[in-house]
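Colleague: Provided herewith: work_36.cif, mmCIF, C-alpha atoms.
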data_input
#
loop_
_atom_site.group_PDB
_atom_site.id
_atom_site.type_symbol
_atom_site.label_atom_id
_atom_site.label_comp_id
_atom_site.auth_asym_id
_atom_site.auth_seq_id
_atom_site.Cartn_x
_atom_site.Cartn_y
_atom_site.Cartn_z
ATOM 1 C CA MET A 1 147.472 -47.859 -161.429
ATOM 2 C CA VAL A 2 145.086 -44.925 -160.902
ATOM 3 C CA GLN A 3 143.575 -44.245 -157.495
ATOM 4 C CA ALA A 4 140.788 -41.803 -156.726
ATOM 5 C CA TYR A 5 138.399 -40.591 -154.091
ATOM 6 C CA ILE A 6 134.833 -40.391 -155.335
ATOM 7 C CA LEU A 7 132.523 -38.092 -153.399
ATOM 8 C CA VAL A 8 128.898 -39.159 -153.679
ATOM 9 C CA GLN A 9 125.707 -37.227 -153.014
ATOM 10 C CA ALA A 10 122.616 -39.353 -152.437
ATOM 11 C CA ASP A 11 118.930 -38.957 -151.767
ATOM 12 C CA VAL A 12 117.941 -38.375 -148.145
ATOM 13 C CA GLY A 13 117.958 -41.602 -146.145
ATOM 14 C CA THR A 14 119.866 -43.682 -148.709
ATOM 15 C CA ALA A 15 123.516 -43.108 -147.727
ATOM 16 C CA SER A 16 124.004 -46.351 -145.788
ATOM 17 C CA ARG A 17 122.473 -48.493 -148.523
ATOM 18 C CA VAL A 18 124.399 -46.654 -151.230
ATOM 19 C CA ALA A 19 127.671 -47.159 -149.310
ATOM 20 C CA ARG A 20 126.961 -50.896 -148.969
ATOM 21 C CA GLU A 21 126.179 -51.264 -152.672
ATOM 22 C CA VAL A 22 129.209 -49.224 -153.707
ATOM 23 C CA SER A 23 131.541 -51.239 -151.459
ATOM 24 C CA ALA A 24 130.578 -54.416 -153.364
ATOM 25 C CA LEU A 25 131.757 -53.006 -156.719
ATOM 26 C CA ALA A 26 134.996 -54.188 -158.300
ATOM 27 C CA GLY A 27 137.728 -51.592 -157.936
ATOM 28 C CA VAL A 28 136.286 -50.083 -154.755
ATOM 29 C CA THR A 29 138.678 -50.459 -151.837
ATOM 30 C CA GLN A 30 136.585 -48.557 -149.298
ATOM 31 C CA ALA A 31 133.186 -46.841 -149.075
ATOM 32 C CA GLU A 32 132.026 -44.936 -146.005
ATOM 33 C CA ASP A 33 128.836 -43.002 -145.339
ATOM 34 C CA VAL A 34 129.694 -39.590 -143.890
ATOM 35 C CA THR A 35 128.070 -36.309 -142.898
ATOM 36 C CA GLY A 36 128.543 -33.003 -144.650
ATOM 37 C CA PRO A 37 127.991 -31.899 -148.238
ATOM 38 C CA TYR A 38 128.634 -35.457 -149.480
ATOM 39 C CA ASP A 39 126.952 -38.591 -148.198
ATOM 40 C CA VAL A 40 129.447 -41.306 -149.185
ATOM 41 C CA ILE A 41 133.197 -41.148 -149.751
ATOM 42 C CA VAL A 42 134.693 -43.905 -151.872
ATOM 43 C CA ARG A 43 138.325 -44.920 -152.382
ATOM 44 C CA ALA A 44 138.807 -46.744 -155.670
ATOM 45 C CA GLU A 45 141.528 -47.958 -157.992
ATOM 46 C CA ALA A 46 141.802 -49.070 -161.596
ATOM 47 C CA GLN A 47 144.438 -49.722 -164.233
ATOM 48 C CA ASP A 48 143.868 -46.354 -165.938
ATOM 49 C CA VAL A 49 141.442 -43.429 -166.058
ATOM 50 C CA ASP A 50 139.292 -45.072 -168.721
ATOM 51 C CA ASP A 51 138.886 -48.213 -166.600
ATOM 52 C CA LEU A 52 138.088 -46.069 -163.567
ATOM 53 C CA GLY A 53 135.296 -44.329 -165.449
ATOM 54 C CA ARG A 54 133.893 -47.450 -167.077
ATOM 55 C CA ASP A 55 134.304 -49.977 -164.253
ATOM 56 C CA VAL A 56 133.828 -47.869 -161.111
ATOM 57 C CA ILE A 57 132.335 -44.410 -161.660
ATOM 58 C CA SER A 58 129.637 -45.412 -164.141
ATOM 59 C CA PRO A 59 128.348 -48.273 -161.935
ATOM 60 C CA ILE A 60 128.300 -45.942 -158.911
ATOM 61 C CA GLN A 61 126.256 -43.378 -160.836
ATOM 62 C CA SER A 62 123.714 -46.040 -161.811
ATOM 63 C CA ILE A 63 122.960 -47.016 -158.183
ATOM 64 C CA ASP A 64 119.444 -46.003 -157.181
ATOM 65 C CA GLY A 65 119.599 -42.963 -154.906
ATOM 66 C CA VAL A 66 122.905 -41.556 -156.198
ATOM 67 C CA THR A 67 122.307 -38.005 -157.396
ATOM 68 C CA ARG A 68 125.825 -36.704 -158.075
ATOM 69 C CA THR A 69 129.474 -37.735 -157.964
ATOM 70 C CA LEU A 70 132.756 -35.844 -157.888
ATOM 71 C CA THR A 71 135.928 -37.754 -158.717
ATOM 72 C CA CYS A 72 139.244 -36.654 -157.195
ATOM 73 C CA PRO A 73 142.219 -38.565 -158.647
ATOM 74 C CA VAL A 74 145.106 -39.151 -156.259
ATOM 75 C CA VAL A 75 148.363 -37.485 -157.314
ATOM 76 C CA HIS A 76 151.807 -37.978 -155.852
ATOM 77 C CA LEU A 77 153.618 -34.635 -155.874
#
Would you mind writing the structure in this file as structure tokens?

Modeller:
Amino acid sequence: MVQAYILVQADVGTASRVAREVSALAGVTQAEDVTGPYDVIVRAEAQDVDDLGRDVISPIQSIDGVTRTLTCPVVHL
């Protein structure tokens, strides 16, 4: 199982809607609109990195208003 935080930048005024749409996606365990350099922070999980990209990250990037994402995989050191 791969877990990641996905930091999302969105167009002005769209963060709440983007967070709602993202939270409905399979693999997303949490999506919160926040302040700062990113507008939405997402916690997601998938079977492997390929599934994460295909099933979670790609659908997030296709949401209207999303301008950029940064994926931070969780590691257990």

Colleague: By how many Å are atom CA of Ile41 of chain A and atom CA of Arg20 of chain A apart?

Modeller: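 The value is 11.6 Å.
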
Colleague: Point out the residue among A:Val75, A:Ile57, A:Val66, A:Ala46 with the least atom-to-atom distance to Ala10 of chain A, counting only C-alpha atoms.

Modeller: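 Among A:Val75, A:Ile57, A:Val66, A:Ala46, it is A:Val66 that comes nearest to Ala10 of chain A.
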
Colleague: On this structure, the PyMOL selection byres ((chain A and resi 29-32) around 6) would catch which residues? List them as a ChimeraX atom specification, sorted by chain and number.

Modeller: /A:19,23,28,33,40-44

Colleague: I need the residue nearest Asp11 of chain A from this list: A:Asp48, A:Thr71, A:Ala24, A:Asp39. Use only C-alpha atoms for the distance.

Modeller: A:Asp39

Colleague: Can you spell out as a PyMOL selection string the set of residues that the PyMOL selection byres ((chain A and resi 8) around 6) selects in the structure I just provided?

Modeller: chain A and resi 7+9+38-40+68-69

Colleague: Could you tell me which of A:Leu70, A:Leu77, A:Ala15, A:Val2 comes closest to Ser58 of chain A if we count all atoms listed in the file?

Modeller: A:Leu70

Colleague: Would you list the contacts of Asp55 of chain A as a ChimeraX atom specification, taking every protein, DNA or RNA residue within 9 Å and counting all atoms listed in the file, but skipping same-chain residues closer than 6 positions in sequence?

Modeller: /A:25-27,46

Colleague: Just how far from atom CA of Glu21 of chain A is atom CA of Thr67 of chain A, in Å to one decimal?

Modeller: 14.6 Å

Colleague: Using Å and a single decimal, report how far atom CA of Ile60 of chain A sits from atom CA of Val34 of chain A.

Modeller: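 Rounded to one decimal, the two atoms are 16.4 Å apart.
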
Colleague: Between A:Glu45, A:Val22, A:Cys72, A:Gly13, single out the one closest to Pro59 of chain A, counting only C-alpha atoms.

Modeller: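 Of the candidates, the smallest distance to Pro59 of chain A is held by A:Val22.
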
Colleague: Between A:Ile6, A:Met1, A:Gln61, A:Ser16, which has the minimum distance to Val49 of chain A (counting all atoms listed in the file)?

Modeller: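 When distances to Val49 of chain A are compared using all atoms listed in the file, the smallest one comes from A:Met1.
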
Colleague: Counting all atoms listed in the file, figure out which residue out of A:Ala4, A:Gln47, A:Val12, A:Gly36 gets nearest to Gly65 of chain A.

Modeller: A:Val12

Colleague: Would you place a box with edges along x, y and z of the file around all atoms of segment 18-33 of chain A listed there, add 5 Å to each of its six sides, and report the centre and edge lengths in Å to one decimal, as AutoDock Vina command-line options?

Modeller:
--center_x 131.5 --center_y -48.7 --center_z -151.8 --size_x 24.3 --size_y 21.4 --size_z 23.0
